[in-house]
Amino acid sequence: MKRFDCLESLFSRMPDEVIVVGNVGDTTTLMLTLRPSDANVYSVNLGSCTAVGLGLALGLPHRRVVVLDGDGNLLLNLAVLADIANQAPKNLSILVQDNELYQSGGNVPSATAGLADLAGIAREAGIKNTRTVRDIGEFEATVNDILEGPGPLLVVAKIEKESERPQSPVAYNPTENKFRFVRYIERSEGVRILTLTQGSKIIL
């Protein structure tokens, strides 16, 4: 099962108002390619991707939040699974793209290449709705749950190692993306998040 096919299927059915938090590398590239949107947060790395998604889901409980994490990334912060279980946000779905590698780090095998089972770990942490899918048919059958079903939901998609990496269609800056995302939330939610400044003076 290929990452591109999974994300193409997911994004083709995704409403515009869904918030997506994605990790680095090929996930960001395909978000830019398949679903360019100010509702996307790109390049959240080093164990923080699912944690950022949890925070957004708790802060915006009326919005669906979909996290696109990876096996290596999530393994760096397994404690977030216990936090999700205890907070139990009904609007949070996590898709773990598990290629059993730290691909950006030189194709070093991750723990899921051995005995580690991320769906099982999440279940034991207290997330009751978890599953592992291994082919595109199984994945397509779970897309509606990711987008509309009760959360928290964690889906582990066993994807292939990519030999040909996708190229980004545009140049992007993660810092710029964060500001664009915040401005999008301000517009869509009718709230003020960033303060105005005039010189060194903050204007509330």
# chains A, B, ... in the order shown; residues from 1 in each chain; ligands from 1
>>> residues_around(residues="Ile185 (chain A)", least_positions_apart="6", cutoff="10 Å", atoms="only C-alpha atoms", output="VMD selection string")
chain A and resid 19 38 to 39 60 179 191 to 193
>>> write_last_selection(atoms="N, CA, C and O atoms", output="PDB file, in the first residue's frame")
ATOM      1  N   ILE A  19      -9.312  20.256   9.978  1.00  0.00           N
ATOM      2  CA  ILE A  19      -7.949  20.677  10.295  1.00  0.00           C
ATOM      3  C   ILE A  19      -7.037  19.461  10.201  1.00  0.00           C
ATOM      4  O   ILE A  19      -7.339  18.399  10.747  1.00  0.00           O
ATOM      5  N   ASP A  38      -4.999  26.460   4.009  1.00  0.00           N
ATOM      6  CA  ASP A  38      -4.571  27.126   5.237  1.00  0.00           C
ATOM      7  C   ASP A  38      -5.035  26.383   6.478  1.00  0.00           C
ATOM      8  O   ASP A  38      -4.611  26.713   7.593  1.00  0.00           O
ATOM      9  N   ALA A  39      -5.892  25.366   6.313  1.00  0.00           N
ATOM     10  CA  ALA A  39      -6.306  24.530   7.437  1.00  0.00           C
ATOM     11  C   ALA A  39      -5.307  23.421   7.728  1.00  0.00           C
ATOM     12  O   ALA A  39      -5.534  22.594   8.616  1.00  0.00           O
ATOM     13  N   LEU A  60     -10.593  23.203  19.936  1.00  0.00           N
ATOM     14  CA  LEU A  60     -11.655  23.409  18.943  1.00  0.00           C
ATOM     15  C   LEU A  60     -12.528  22.153  18.882  1.00  0.00           C
ATOM     16  O   LEU A  60     -12.525  21.419  17.887  1.00  0.00           O
ATOM     17  N   PHE A 179       1.818  30.899  10.778  1.00  0.00           N
ATOM     18  CA  PHE A 179       1.086  32.167  10.827  1.00  0.00           C
ATOM     19  C   PHE A 179      -0.158  32.122   9.944  1.00  0.00           C
ATOM     20  O   PHE A 179      -1.221  32.637  10.325  1.00  0.00           O
ATOM     21  N   VAL A 191     -12.158  34.794  16.141  1.00  0.00           N
ATOM     22  CA  VAL A 191     -11.441  35.062  17.389  1.00  0.00           C
ATOM     23  C   VAL A 191     -10.144  35.806  17.087  1.00  0.00           C
ATOM     24  O   VAL A 191      -9.659  35.797  15.955  1.00  0.00           O
ATOM     25  N   ARG A 192      -9.575  36.461  18.101  1.00  0.00           N
ATOM     26  CA  ARG A 192      -8.260  37.082  18.000  1.00  0.00           C
ATOM     27  C   ARG A 192      -7.258  36.203  18.738  1.00  0.00           C
ATOM     28  O   ARG A 192      -7.443  35.930  19.922  1.00  0.00           O
ATOM     29  N   ILE A 193      -6.232  35.770  18.062  1.00  0.00           N
ATOM     30  CA  ILE A 193      -5.186  34.948  18.672  1.00  0.00           C
ATOM     31  C   ILE A 193      -3.887  35.739  18.763  1.00  0.00           C
ATOM     32  O   ILE A 193      -3.270  35.829  19.819  1.00  0.00           O
TER      33      ILE A 193
END
>>> select_by_dssp(residues="region 35-174 of chain A", states="alpha helix (DSSP H)", output="ChimeraX atom specification")
/A:49-59,71-75,79-87,118-125,136-148,174
>>> select_by_dssp(residues="region 54-169 of chain A", states="strand (DSSP E or B)", output="list in words")
Val65, Val66, Val67, Leu68, Asp69, Gly70, Leu92, Ser93, Ile94, Leu95, Val96, Gln97, Asp98, Leu101, Tyr102, Val108, Pro109, Asn129, Thr130, Arg131, Thr132, Val133, Leu153, Leu154, Val155, Val156, Ala157 and Lys158 of chain A
>>> residues_around(residues="region 46-48 of chain A", least_positions_apart="3", cutoff="12 Å", atoms="only C-alpha atoms", output="PyMOL selection string")
chain A and resi 21-24+41-43+51-55+67-81+102+104
>>> closest_atom_pairs(of="region 33-102 of chain A", to="region 146-170 of chain A", cutoff="8 Å", atoms="only C-alpha atoms", output="tab-separated table")
residue	atom	partner	partner_atom	distance
A:Thr33	CA	A:Pro169	CA	6.2
A:Arg64	CA	A:Leu147	CA	7.2
A:Val66	CA	A:Ile146	CA	7.4
A:Ile84	CA	A:Pro152	CA	7.3
A:Ala85	CA	A:Pro152	CA	7.6
A:Ala88	CA	A:Pro152	CA	5.9
A:Pro89	CA	A:Pro152	CA	5.6
A:Lys90	CA	A:Gly151	CA	3.9
A:Asn91	CA	A:Gly151	CA	5.4
A:Leu92	CA	A:Pro152	CA	5.1
A:Ser93	CA	A:Leu153	CA	4.7
A:Ile94	CA	A:Leu154	CA	4.7
A:Leu95	CA	A:Val155	CA	4.9
A:Val96	CA	A:Val156	CA	4.7
A:Gln97	CA	A:Ala157	CA	5.1
A:Asp98	CA	A:Lys158	CA	4.9
A:Asn99	CA	A:Ile159	CA	5.0
A:Leu101	CA	A:Lys161	CA	7.7
>>> atom_distance(atom1="CA of Tyr184 (chain A)", atom2="CA of Phe11 (chain A)")
18.9 Å
>>> atom_distance(atom1="CA of Ala82 (chain A)", atom2="CA of Gln103 (chain A)")
26.2 Å
>>> atom_distance(atom1="CA of Thr130 (chain A)", atom2="CA of Thr142 (chain A)")
11.0 Å
>>> residues_around(residues="Ser12 (chain A)", least_positions_apart="5", cutoff="12 Å", atoms="only C-alpha atoms", output="list in words")
Phe4, Asp5, Cys6, Leu7, Met31, Leu34, Arg35, Glu140, Val143, Asn144 and Leu147 of chain A
>>> write_last_selection(atoms="all heavy atoms", output="PDB file, in the first residue's frame")
ATOM      1  N   PHE A   4       0.902   7.647  -1.160  1.00  0.00           N
ATOM      2  CA  PHE A   4       0.174   8.522  -2.078  1.00  0.00           C
ATOM      3  C   PHE A   4      -1.271   8.063  -2.225  1.00  0.00           C
ATOM      4  O   PHE A   4      -2.202   8.880  -2.170  1.00  0.00           O
ATOM      5  CB  PHE A   4       0.856   8.551  -3.447  1.00  0.00           C
ATOM      6  CG  PHE A   4       0.154   9.427  -4.450  1.00  0.00           C
ATOM      7  CD1 PHE A   4       0.525  10.756  -4.624  1.00  0.00           C
ATOM      8  CD2 PHE A   4      -0.890   8.933  -5.230  1.00  0.00           C
ATOM      9  CE1 PHE A   4      -0.128  11.565  -5.532  1.00  0.00           C
ATOM     10  CE2 PHE A   4      -1.558   9.737  -6.141  1.00  0.00           C
ATOM     11  CZ  PHE A   4      -1.161  11.051  -6.294  1.00  0.00           C
ATOM     12  N   ASP A   5      -1.482   6.762  -2.417  1.00  0.00           N
ATOM     13  CA  ASP A   5      -2.843   6.253  -2.618  1.00  0.00           C
ATOM     14  C   ASP A   5      -3.707   6.483  -1.383  1.00  0.00           C
ATOM     15  O   ASP A   5      -4.896   6.834  -1.496  1.00  0.00           O
ATOM     16  CB  ASP A   5      -2.796   4.761  -2.963  1.00  0.00           C
ATOM     17  CG  ASP A   5      -2.127   4.492  -4.301  1.00  0.00           C
ATOM     18  OD1 ASP A   5      -2.083   5.412  -5.138  1.00  0.00           O
ATOM     19  OD2 ASP A   5      -1.632   3.363  -4.502  1.00  0.00           O
ATOM     20  N   CYS A   6      -3.129   6.288  -0.197  1.00  0.00           N
ATOM     21  CA  CYS A   6      -3.887   6.512   1.040  1.00  0.00           C
ATOM     22  C   CYS A   6      -4.301   7.975   1.168  1.00  0.00           C
ATOM     23  O   CYS A   6      -5.476   8.283   1.416  1.00  0.00           O
ATOM     24  CB  CYS A   6      -3.048   6.114   2.244  1.00  0.00           C
ATOM     25  SG  CYS A   6      -2.774   4.347   2.427  1.00  0.00           S
ATOM     26  N   LEU A   7      -3.344   8.879   0.993  1.00  0.00           N
ATOM     27  CA  LEU A   7      -3.655  10.293   1.190  1.00  0.00           C
ATOM     28  C   LEU A   7      -4.535  10.831   0.075  1.00  0.00           C
ATOM     29  O   LEU A   7      -5.394  11.687   0.329  1.00  0.00           O
ATOM     30  CB  LEU A   7      -2.360  11.095   1.306  1.00  0.00           C
ATOM     31  CG  LEU A   7      -1.505  10.772   2.530  1.00  0.00           C
ATOM     32  CD1 LEU A   7      -0.350  11.759   2.650  1.00  0.00           C
ATOM     33  CD2 LEU A   7      -2.330  10.773   3.812  1.00  0.00           C
ATOM     34  N   MET A  31       0.635  16.700   1.281  1.00  0.00           N
ATOM     35  CA  MET A  31      -0.382  17.653   1.720  1.00  0.00           C
ATOM     36  C   MET A  31      -0.385  18.867   0.808  1.00  0.00           C
ATOM     37  O   MET A  31      -1.441  19.364   0.409  1.00  0.00           O
ATOM     38  CB  MET A  31      -0.119  18.081   3.165  1.00  0.00           C
ATOM     39  CG  MET A  31      -0.405  17.003   4.193  1.00  0.00           C
ATOM     40  SD  MET A  31       0.228  17.423   5.851  1.00  0.00           S
ATOM     41  CE  MET A  31      -0.901  18.729   6.333  1.00  0.00           C
ATOM     42  N   LEU A  34      -1.807  17.453  -2.717  1.00  0.00           N
ATOM     43  CA  LEU A  34      -3.162  16.915  -2.801  1.00  0.00           C
ATOM     44  C   LEU A  34      -4.209  17.754  -2.073  1.00  0.00           C
ATOM     45  O   LEU A  34      -5.393  17.682  -2.410  1.00  0.00           O
ATOM     46  CB  LEU A  34      -3.183  15.490  -2.229  1.00  0.00           C
ATOM     47  CG  LEU A  34      -2.319  14.458  -2.958  1.00  0.00           C
ATOM     48  CD1 LEU A  34      -2.271  13.159  -2.163  1.00  0.00           C
ATOM     49  CD2 LEU A  34      -2.865  14.205  -4.364  1.00  0.00           C
ATOM     50  N   ARG A  35      -3.778  18.528  -1.083  1.00  0.00           N
ATOM     51  CA  ARG A  35      -4.750  19.318  -0.317  1.00  0.00           C
ATOM     52  C   ARG A  35      -4.107  20.616   0.173  1.00  0.00           C
ATOM     53  O   ARG A  35      -3.943  20.842   1.364  1.00  0.00           O
ATOM     54  CB  ARG A  35      -5.258  18.508   0.860  1.00  0.00           C
ATOM     55  CG  ARG A  35      -6.619  18.999   1.382  1.00  0.00           C
ATOM     56  CD  ARG A  35      -6.547  19.467   2.820  1.00  0.00           C
ATOM     57  NE  ARG A  35      -7.866  19.729   3.370  1.00  0.00           N
ATOM     58  CZ  ARG A  35      -8.102  20.190   4.606  1.00  0.00           C
ATOM     59  NH1 ARG A  35      -7.109  20.428   5.436  1.00  0.00           N
ATOM     60  NH2 ARG A  35      -9.337  20.417   5.024  1.00  0.00           N
ATOM     61  N   GLU A 140      -9.533   2.396   2.427  1.00  0.00           N
ATOM     62  CA  GLU A 140     -10.689   3.141   1.914  1.00  0.00           C
ATOM     63  C   GLU A 140     -11.940   2.866   2.743  1.00  0.00           C
ATOM     64  O   GLU A 140     -12.798   3.743   2.898  1.00  0.00           O
ATOM     65  CB  GLU A 140     -10.911   2.803   0.444  1.00  0.00           C
ATOM     66  CG  GLU A 140      -9.823   3.401  -0.462  1.00  0.00           C
ATOM     67  CD  GLU A 140     -10.002   3.026  -1.911  1.00  0.00           C
ATOM     68  OE1 GLU A 140     -10.773   2.087  -2.192  1.00  0.00           O
ATOM     69  OE2 GLU A 140      -9.350   3.667  -2.761  1.00  0.00           O
ATOM     70  N   VAL A 143     -11.931   5.336   5.764  1.00  0.00           N
ATOM     71  CA  VAL A 143     -11.832   6.784   5.568  1.00  0.00           C
ATOM     72  C   VAL A 143     -13.003   7.519   6.216  1.00  0.00           C
ATOM     73  O   VAL A 143     -12.818   8.557   6.874  1.00  0.00           O
ATOM     74  CB  VAL A 143     -11.707   7.136   4.070  1.00  0.00           C
ATOM     75  CG1 VAL A 143     -11.939   8.626   3.844  1.00  0.00           C
ATOM     76  CG2 VAL A 143     -10.337   6.733   3.536  1.00  0.00           C
ATOM     77  N   ASN A 144     -14.217   7.024   6.055  1.00  0.00           N
ATOM     78  CA  ASN A 144     -15.372   7.698   6.653  1.00  0.00           C
ATOM     79  C   ASN A 144     -15.258   7.779   8.169  1.00  0.00           C
ATOM     80  O   ASN A 144     -15.659   8.780   8.781  1.00  0.00           O
ATOM     81  CB  ASN A 144     -16.675   7.007   6.257  1.00  0.00           C
ATOM     82  CG  ASN A 144     -17.115   7.366   4.848  1.00  0.00           C
ATOM     83  OD1 ASN A 144     -16.641   8.333   4.266  1.00  0.00           O
ATOM     84  ND2 ASN A 144     -18.023   6.569   4.295  1.00  0.00           N
ATOM     85  N   LEU A 147     -12.902  10.586   9.058  1.00  0.00           N
ATOM     86  CA  LEU A 147     -13.449  11.922   8.822  1.00  0.00           C
ATOM     87  C   LEU A 147     -14.695  12.235   9.642  1.00  0.00           C
ATOM     88  O   LEU A 147     -14.962  13.402   9.932  1.00  0.00           O
ATOM     89  CB  LEU A 147     -13.770  12.094   7.336  1.00  0.00           C
ATOM     90  CG  LEU A 147     -12.571  12.065   6.389  1.00  0.00           C
ATOM     91  CD1 LEU A 147     -13.040  12.145   4.947  1.00  0.00           C
ATOM     92  CD2 LEU A 147     -11.597  13.190   6.698  1.00  0.00           C
TER      93      LEU A 147
END
>>> closest_residue(among="A:Leu194, A:Ala122, A:Asp83, A:Val108", to="Phe181 (chain A)", atoms="only C-alpha atoms")
A:Leu194
